[in-house]
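Dumped structure-v3.txt below, it's compact mmCIF, C-alpha atoms:
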# COMPACT_ATOMS: atom_id res chain seq x y z
CA MET A 1 113.07 100.78 124.15
CA LYS A 2 113.41 97.68 122.00
CA LEU A 3 112.25 97.29 118.41
CA ILE A 4 112.04 93.83 116.87
CA ILE A 5 111.58 93.47 113.12
CA GLN A 6 109.92 90.15 112.30
CA ILE A 7 109.83 88.40 108.92
CA PRO A 8 107.54 85.39 108.31
CA CYS A 9 109.27 83.08 105.80
CA TYR A 10 108.41 80.00 103.79
CA ASN A 11 111.12 78.82 101.39
CA GLU A 12 112.62 82.31 101.09
CA ALA A 13 116.27 81.31 100.67
CA GLY A 14 116.42 83.10 97.32
CA THR A 15 115.33 86.54 98.57
CA LEU A 16 115.83 86.61 102.34
CA ALA A 17 119.44 87.79 102.25
CA ILE A 18 118.44 90.75 100.06
CA ALA A 19 115.65 91.73 102.47
CA LEU A 20 117.91 91.41 105.51
CA ALA A 21 120.66 93.50 103.94
CA ALA A 22 118.24 96.43 103.75
CA LEU A 23 117.02 96.25 107.37
CA PRO A 24 118.30 98.88 109.81
CA ARG A 25 120.27 98.11 112.95
CA SER A 26 119.38 101.45 114.52
CA VAL A 27 116.11 103.37 114.44
CA PRO A 28 115.54 106.78 116.11
CA GLY A 29 113.70 106.36 119.40
CA PHE A 30 114.98 102.85 120.15
CA ASP A 31 117.95 101.67 122.17
CA VAL A 32 117.95 98.18 120.64
CA VAL A 33 116.88 96.89 117.22
CA GLU A 34 116.71 93.13 116.71
CA TRP A 35 115.65 90.90 113.82
CA LEU A 36 113.46 87.82 114.14
CA VAL A 37 112.68 85.31 111.37
CA ILE A 38 109.76 82.88 111.50
CA ASP A 39 110.68 79.85 109.36
CA ASP A 40 107.27 78.37 108.57
CA GLY A 41 108.38 74.82 107.84
CA SER A 42 110.69 75.72 104.94
CA VAL A 43 112.39 72.86 103.10
CA ASP A 44 115.23 75.05 101.82
CA ASP A 45 118.04 76.87 103.65
CA THR A 46 115.93 79.74 104.95
CA ALA A 47 116.93 79.28 108.61
CA ARG A 48 120.63 78.89 107.82
CA ILE A 49 120.69 81.96 105.59
CA ALA A 50 118.86 83.95 108.26
CA LEU A 51 121.51 83.15 110.89
CA GLN A 52 124.36 83.73 108.45
CA ASN A 53 123.00 87.20 107.70
CA GLY A 54 122.87 88.37 111.30
CA VAL A 55 119.32 87.51 112.39
CA ASP A 56 119.13 87.58 116.18
CA HIS A 57 116.29 85.07 116.59
CA VAL A 58 114.92 82.28 114.41
CA VAL A 59 111.68 80.52 115.32
CA ARG A 60 110.90 77.49 113.19
CA HIS A 61 107.70 75.49 112.60
CA SER A 62 108.41 71.84 111.92
CA ARG A 63 105.73 71.94 109.21
CA ASN A 64 104.12 74.69 107.16
CA GLN A 65 101.23 76.28 109.07
CA GLY A 66 100.40 79.25 106.86
CA LEU A 67 101.20 82.94 106.81
CA ALA A 68 98.70 83.90 109.52
CA ARG A 69 100.01 81.30 111.95
CA GLY A 70 103.58 82.36 111.22
CA PHE A 71 102.65 85.98 111.89
CA MET A 72 101.14 85.09 115.29
CA THR A 73 104.14 82.91 116.19
CA GLY A 74 106.33 85.91 115.47
CA LEU A 75 104.27 88.20 117.70
CA GLU A 76 104.46 85.73 120.57
CA ALA A 77 108.21 85.37 120.14
CA CYS A 78 108.74 89.14 119.98
CA LEU A 79 106.68 89.68 123.12
CA GLU A 80 108.63 86.99 124.98
CA ARG A 81 111.86 88.74 123.98
CA GLY A 82 110.71 92.07 125.41
CA ALA A 83 109.76 94.00 122.28
CA ASP A 84 108.19 97.40 122.92
CA VAL A 85 107.34 97.84 119.24
CA ILE A 86 107.11 95.17 116.54
CA VAL A 87 107.51 95.77 112.81
CA ASN A 88 106.33 93.11 110.37
CA THR A 89 107.74 92.99 106.85
CA ASP A 90 108.05 90.48 104.00
CA ALA A 91 110.98 88.27 103.05
CA ASP A 92 110.67 89.10 99.34
CA ASN A 93 111.98 92.65 99.94
CA GLN A 94 108.71 94.11 98.64
CA TYR A 95 108.73 97.01 101.12
CA ASN A 96 111.38 99.69 101.37
CA ALA A 97 113.05 99.23 104.77
CA ASP A 98 114.10 102.90 104.82
CA ASP A 99 110.46 103.70 105.68
CA ILE A 100 110.59 101.85 109.01
CA PRO A 101 111.31 105.06 111.01
CA ALA A 102 108.21 106.67 109.48
CA LEU A 103 106.21 103.52 110.23
CA VAL A 104 107.05 103.47 113.95
CA SER A 105 106.95 107.25 114.48
CA PRO A 106 103.17 107.48 115.26
CA ILE A 107 103.57 104.74 117.88
CA LEU A 108 106.49 106.52 119.53
CA GLN A 109 104.41 109.70 119.57
CA HIS A 110 101.49 107.79 121.14
CA LYS A 111 99.25 108.66 118.21
CA ALA A 112 98.55 105.06 117.16
CA ASP A 113 98.62 101.48 118.40
CA ILE A 114 98.96 100.01 114.91
CA VAL A 115 100.40 101.65 111.79
CA VAL A 116 99.90 100.15 108.33
CA GLY A 117 102.14 101.08 105.42
CA ALA A 118 100.13 102.25 102.42
CA ARG A 119 101.73 101.29 99.11
CA PRO A 120 101.29 103.42 95.96
CA ILE A 121 99.04 100.79 94.37
CA ASP A 122 98.31 102.78 91.20
CA THR A 123 101.99 103.21 90.35
CA ILE A 124 103.23 99.65 91.06
CA GLU A 125 104.14 98.32 87.63
CA HIS A 126 104.19 94.59 88.46
CA PHE A 127 100.61 94.72 89.83
CA SER A 128 98.12 93.66 87.17
CA PRO A 129 94.92 95.72 86.70
CA ALA A 130 92.93 92.86 88.25
CA LYS A 131 95.17 92.81 91.33
CA LYS A 132 94.98 96.58 91.71
CA PHE A 133 91.18 96.41 91.56
CA LEU A 134 91.06 93.60 94.13
CA GLN A 135 93.41 95.49 96.45
CA LYS A 136 91.18 98.57 96.34
CA LEU A 137 87.97 96.55 96.66
CA GLY A 138 89.29 94.58 99.62
CA SER A 139 90.50 97.73 101.34
CA TRP A 140 87.11 99.40 100.85
CA VAL A 141 85.24 96.43 102.33
CA VAL A 142 87.62 96.33 105.30
CA ARG A 143 87.10 100.06 105.90
CA VAL A 144 83.33 99.53 105.97
CA VAL A 145 83.46 96.48 108.25
CA SER A 146 86.15 97.75 110.62
CA ARG A 147 85.11 101.42 110.61
CA THR A 148 88.70 102.47 109.96
CA SER A 149 90.30 104.56 107.20
CA ILE A 150 93.15 102.27 106.10
CA PRO A 151 93.67 102.71 102.32
CA ASP A 152 95.84 99.59 101.83
CA ALA A 153 94.42 96.84 104.03
CA PRO A 154 96.35 93.90 102.43
CA SER A 155 99.71 95.56 103.17
CA GLY A 156 101.90 93.39 105.37
CA PHE A 157 104.28 96.24 106.19
CA ARG A 158 103.04 97.39 109.58
CA ALA A 159 104.13 98.34 113.07
CA MET A 160 102.34 97.75 116.36
CA SER A 161 102.88 98.56 119.99
CA ARG A 162 103.39 95.86 122.59
CA ALA A 163 99.90 96.43 123.99
CA ALA A 164 98.32 96.04 120.54
CA ALA A 165 100.27 92.85 119.80
CA GLN A 166 99.07 91.35 123.07
CA ARG A 167 95.42 91.93 122.10
CA LEU A 168 95.54 90.52 118.57
CA VAL A 169 94.28 86.98 117.94
CA VAL A 170 94.25 85.71 114.35
CA PHE A 171 91.75 82.93 113.61
CA SER A 172 92.43 82.54 109.90
CA ASP A 173 95.20 80.28 108.57
CA TYR A 174 95.26 82.15 105.26
CA THR A 175 96.33 85.73 105.99
CA TYR A 176 96.49 88.11 108.91
CA THR A 177 96.29 91.42 107.04
CA LEU A 178 92.52 91.92 106.79
CA GLU A 179 91.68 90.22 110.07
CA THR A 180 94.01 92.27 112.25
CA ILE A 181 92.66 95.55 110.87
CA ILE A 182 89.06 94.45 111.45
CA GLN A 183 89.99 93.38 114.98
CA ALA A 184 91.70 96.70 115.64
CA GLY A 185 88.59 98.56 114.53
CA GLN A 186 86.25 96.37 116.55
CA LYS A 187 88.47 96.68 119.66
CA ASN A 188 88.71 100.47 119.31
CA MET A 189 92.49 100.49 118.87
CA ALA A 190 94.08 103.59 117.41
CA ILE A 191 95.09 102.56 113.88
CA MET A 192 96.44 104.77 111.14
CA SER A 193 98.32 104.58 107.86
CA VAL A 194 101.47 106.17 106.48
CA PRO A 195 102.68 106.14 102.86
CA VAL A 196 105.54 103.73 102.13
CA ARG A 197 107.60 102.85 99.09
CA VAL A 198 108.06 99.47 97.43
CA ASN A 199 111.02 97.80 95.79
CA GLU A 200 111.39 95.88 92.56
CA ASP A 201 109.43 92.65 92.37
CA LEU A 202 111.66 89.62 93.10
CA ARG A 203 109.03 86.87 92.86
CA PRO A 204 105.28 86.50 92.24
CA SER A 205 102.84 86.62 95.14
CA ARG A 206 102.09 83.28 96.78
CA LEU A 207 98.78 84.40 98.25
CA LEU A 208 97.19 85.51 94.97
CA LYS A 209 97.20 82.13 93.22
CA SER A 210 93.99 82.96 91.34
CA ILE A 211 91.49 85.79 91.41
CA PRO A 212 88.45 83.61 92.33
CA SER A 213 90.41 81.95 95.15
CA TYR A 214 91.59 85.30 96.51
CA ILE A 215 88.06 86.73 96.44
CA GLN A 216 86.60 83.65 98.11
CA ARG A 217 89.19 83.54 100.89
CA SER A 218 89.05 87.28 101.53
CA ILE A 219 85.25 87.38 101.72
CA GLY A 220 85.24 84.31 103.95
CA THR A 221 87.73 85.95 106.32
CA MET A 222 85.74 89.18 106.52
CA VAL A 223 82.41 87.41 107.11
CA ARG A 224 83.95 85.20 109.77
CA ILE A 225 85.45 88.12 111.68
CA PHE A 226 82.21 90.12 111.41
CA VAL A 227 80.29 87.16 112.86
CA ILE A 228 82.81 86.89 115.69
CA TYR A 229 82.88 90.58 116.63
CA ARG A 230 79.37 91.69 115.61
CA PRO A 231 77.32 88.52 116.14
CA PHE A 232 74.11 90.18 117.35
CA ARG A 233 73.99 92.54 114.38
CA PHE A 234 74.78 89.76 111.89
CA PHE A 235 72.26 87.21 113.14
CA GLY A 236 69.78 89.87 114.24
CA VAL A 237 69.60 91.41 110.76
CA LEU A 238 69.36 87.99 109.14
CA GLY A 239 66.62 86.88 111.54
CA GLY A 240 64.77 90.19 111.13
CA VAL A 241 64.73 89.86 107.35
CA LEU A 242 63.41 86.30 107.52
CA PHE A 243 60.76 87.25 110.08
CA LEU A 244 59.67 90.29 108.06
CA LEU A 245 59.32 88.23 104.86
CA GLY A 246 57.26 85.66 106.70
CA PHE A 247 55.09 88.38 108.22
CA LEU A 248 54.43 90.03 104.85
CA ILE A 249 53.60 86.72 103.17
CA GLY A 250 51.32 85.92 106.11
CA LEU A 251 49.51 89.25 105.65
CA ARG A 252 49.08 88.40 101.97
CA PHE A 253 47.43 85.10 102.88
CA LEU A 254 45.16 86.80 105.42
CA PHE A 255 44.09 89.31 102.78
CA TYR A 256 43.07 86.57 100.36
CA TYR A 257 41.46 84.59 103.17
CA ALA A 258 39.40 87.61 104.21
CA THR A 259 38.19 88.06 100.61
CA GLY A 260 37.18 84.41 100.34
CA ALA A 261 40.09 83.21 98.19
CA GLY A 262 42.25 81.69 100.92
CA GLU A 263 41.94 78.09 99.75
CA GLY A 264 44.09 78.80 96.70
CA HIS A 265 46.92 80.31 98.73
CA VAL A 266 47.69 77.62 101.29
CA GLN A 267 51.28 77.52 99.99
CA SER A 268 51.69 81.12 101.16
CA LEU A 269 50.55 80.16 104.64
CA ILE A 270 53.09 77.32 104.78
CA LEU A 271 55.91 79.53 103.51
CA ALA A 272 54.98 82.28 105.98
CA SER A 273 55.02 79.79 108.87
CA VAL A 274 58.44 78.46 107.85
CA LEU A 275 59.95 81.94 107.47
CA LEU A 276 58.50 83.17 110.74
CA GLY A 277 59.91 80.14 112.54
CA MET A 278 63.33 80.54 110.92
CA GLY A 279 63.37 84.26 111.71
CA PHE A 280 62.44 83.70 115.35
CA GLN A 281 65.08 80.99 115.79
CA THR A 282 67.76 83.13 114.12
CA ILE A 283 66.95 86.02 116.46
CA LEU A 284 67.34 83.64 119.40
CA VAL A 285 70.72 82.61 117.96
CA ALA A 286 71.64 86.32 117.85
CA PHE A 287 71.09 86.62 121.60
CA LEU A 288 73.05 83.44 122.31
CA ALA A 289 75.90 84.55 120.03
CA ASP A 290 75.99 87.91 121.79
CA LEU A 291 76.36 86.15 125.14
CA LEU A 292 79.20 84.04 123.73
CA ALA A 293 80.86 87.18 122.37
CA ALA A 294 80.70 88.78 125.82
CA ASN A 295 82.30 85.66 127.31
CA ARG A 296 84.99 85.71 124.62
CA LYS A 297 85.82 89.34 125.45
CA LEU A 298 86.27 88.39 129.11
CA LEU A 299 88.61 85.55 128.10
CA GLU A 300 90.58 87.91 125.87
CA ASP A 301 90.92 90.37 128.74
CA ILE A 302 92.23 87.56 130.95
CA ARG A 303 94.64 86.53 128.19
CA VAL A 304 95.98 90.07 127.88
CA THR A 305 96.32 90.39 131.67
CA VAL A 306 98.33 87.16 131.86
CA LYS A 307 100.60 88.29 129.01
CA ARG A 308 101.22 91.64 130.64
CA ALA A 309 102.02 90.15 134.03
CA PRO A 310 105.75 89.90 134.78
CA THR A 311 106.95 86.33 134.36
CA ASP A 312 110.00 84.55 135.72
CA MET A 313 111.66 82.76 132.81
CA SER A 314 112.82 80.03 135.16
CA HIS A 315 109.31 79.08 136.26
CA SER A 316 106.50 77.36 134.46
CA THR A 317 103.64 79.36 132.95
CA VAL A 318 100.20 78.45 131.66
CA ASN A 319 99.50 78.89 127.95
CA LEU A 320 95.81 79.86 127.81
CA GLU A 321 95.57 79.01 124.12
CA ASP A 322 96.31 75.30 124.41
CA MET A 323 95.78 74.96 128.21
CA THR A 324 98.97 72.92 128.62
CA LEU A 325 101.52 73.47 131.37
CA ARG A 326 104.93 74.23 130.00
CA GLN A 327 108.35 74.83 131.49
CA ILE A 328 110.21 77.78 130.04
CA SER A 329 113.97 77.35 129.73
CA PRO A 330 116.52 80.05 129.06
CA LEU A 331 117.44 80.48 125.38
CA GLY A 332 121.06 81.36 124.99
CA HIS A 333 122.46 79.19 122.21
CA HIS A 334 121.58 77.76 118.81
CA GLY A 335 119.02 74.99 118.73
CA SER A 336 117.64 75.44 122.26
CA MET A 337 113.89 75.17 122.63
CA THR A 338 111.08 75.26 125.18
CA GLU A 339 108.74 72.39 125.87
CA ALA A 340 105.89 74.46 124.45
CA ASP A 341 107.84 75.00 121.23
CA ALA A 342 108.55 71.29 121.02
CA ALA A 343 104.89 70.45 121.61
CA GLN A 344 103.80 72.84 118.88
CA GLY A 345 106.52 71.76 116.49
CA ASN A 346 108.48 75.00 116.87
CA VAL A 347 112.26 75.23 117.04
CA VAL A 348 113.84 78.36 118.48
CA ALA A 349 117.36 79.52 117.76
CA ASN A 350 119.06 82.63 119.08
CA ARG A 351 122.33 84.23 118.27
Please render this file's structure as structure tokens.
Amino acid sequence: MKLIIQIPCYNEAGTLAIALAALPRSVPGFDVVEWLVIDDGSVDDTARIALQNGVDHVVRHSRNQGLARGFMTGLEACLERGADVIVNTDADNQYNADDIPALVSPILQHKADIVVGARPIDTIEHFSPAKKFLQKLGSWVVRVVSRTSIPDAPSGFRAMSRAAAQRLVVFSDYTYTLETIIQAGQKNMAIMSVPVRVNEDLRPSRLLKSIPSYIQRSIGTMVRIFVIYRPFRFFGVLGGVLFLLGFLIGLRFLFYYATGAGEGHVQSLILASVLLGMGFQTILVAFLADLLAANRKLLEDIRVTVKRAPTDMSHSTVNLEDMTLRQISPLGHHGSMTEADAAQGNVVANR
């Protein structure tokens, strides 16, 4: 059994060494524990510090692509390197690495596919009251949308099985935390939470630049995922509301028309016609979106099947995400890369 601990990084030269010093090299239940750093286009010495501090693998984006993209790059790299379980943590040493055994335990016991570390939000001193409220509000909304019971949805300290990592697809460039939980709920994965501890704050959060921006981005992410995974319900409810309003306004016009006062309510007739038409068209969109969602599920199943199939590292494989043929080369020294990594602006280094 192999465990790979991945750390997405962007200009983390100041804190990465501290985070790496706390990571374990052995975890009960695993024969091998490796570390992987995703350098998301850093302009400092993040990659060099990672290698100097014993990181086994460094995958680098040539330009900054965002936390969510870095997270997915890490999952792909971990899967290619044979990880049975993947743990994701932060480079700012926010999470207590001593809790990693507790994080992976439900996966080893086959009780969960994904485990999210729940921080003690109320007792974290460097969290402002506004941030604590937003954390709780966001977690509540995610629980409602995803039909899960995760108390700390924005937590980036999480573990996932190989099968779960193969099924996750993050669409957002902003953050992966909310989207992956919603996906897990919609795909009926077994997801649970365990309490974890946090360390002293080393730097301010880079995601929470402002409260309005955080709210806007989080709501946008949740709406987008709900549209993707529950399209018929989303458009069906919207179309039903529009159609019902048009129907009621139309009844109102018919009432006045029947009593001889219809000439003064022509505007109601026009509004009813517009709403009925919009409602009918939106309901049609709901059916079309549902068909597209069914097709997307088939494509995701094909994607998972291809990822699970045994591959020969000396032969070319097809990347279903960018539909380009790539030749995979062995990675055994610093600075080596695949053609796919070069095409995507990724540099791979292994110890």
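Distance-wise, atom CA of A:Ala289 and atom CA of A:Gln186 end up 16.1 Å apart.
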Neighbouring residues of A:Ile225 were defined as those with any atom within 12 Å, considering all atoms listed in the file; residues of the same chain fewer than 6 positions away were excluded. Please report them as a ChimeraX atom specification. /A:142,145-146,169-172,176,178-186,218-219,231,234,293
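Each of A:Ala97, A:Ala286, A:Val141, A:Val32 was checked against A:Ile228 using all atoms listed in the file; the smallest atom-to-atom distance is that of A:Ala286.
Between atom CA of A:Phe157 and atom CA of A:Ile114 the interatomic distance comes to 10.9 Å.
As for atom CA of A:Phe280 and atom CA of A:Asn295, they are spaced 23.3 Å apart.
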Between A:Leu36, A:Ala153, A:Ala102, A:Leu284, which one has atoms that come closest to A:Thr175, using all atoms listed in the file? A:Ala153
Tell me, as a ChimeraX atom specification, which residues lie within 8 Å of A:Gly250, counting all atoms listed in the file; anything in the same chain fewer than 3 positions away does not count. /A:246-247,253-254,268-269,272-273
Could you tell me which of A:Val223, A:Ile283, A:Leu20, A:Ala190 comes closest to A:Phe243 if we count all atoms listed in the file? A:Ile283
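Between A:Ser213 and the residues A:Leu23, A:Met1, A:Leu168, A:Leu134, the shortest atom-to-atom distance, using all atoms listed in the file, involves A:Leu134.
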Which protein, DNA or RNA residues have an atom at most 7 Å from (109.4, 98.0, 104.5), counting all atoms listed in the file? List them as a ChimeraX atom specification. /A:89,95-100,157
Please, what is the axis-aligned box for every listed atom of stretch 43-60 of chain A with 5 Å on each side, as centre and edge lengths in Å to one decimal, as lines of an AutoDock Vina configuration file?
center_x = 117.6
center_y = 80.6
center_z = 109.2
size_x = 23.5
size_y = 25.5
size_z = 24.8
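Using all atoms listed in the file, the nearest neighbour of A:Val194 within the list A:Thr221, A:Gln267, A:Thr148, A:Ser105 is A:Ser105.
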Using all atoms listed in the file for the distances, tell me which of A:Gly138, A:Phe232, A:Arg252, A:Leu271 is nearest to A:Leu291. A:Phe232
Quick one: residues within 8 Å of A:Glu12, all atoms listed in the file, excluding same-chain residues fewer than 5 positions away - as a PDB file with C-alpha atoms, in the frame of the given file?
ATOM      1  CA  SER A  42     110.690  75.720 104.940  1.00  0.00           C
ATOM      2  CA  ASP A  44     115.230  75.050 101.820  1.00  0.00           C
ATOM      3  CA  THR A  46     115.930  79.740 104.950  1.00  0.00           C
ATOM      4  CA  ALA A  91     110.980  88.270 103.050  1.00  0.00           C
ATOM      5  CA  ASP A  92     110.670  89.100  99.340  1.00  0.00           C
TER       6      ASP A  92
END
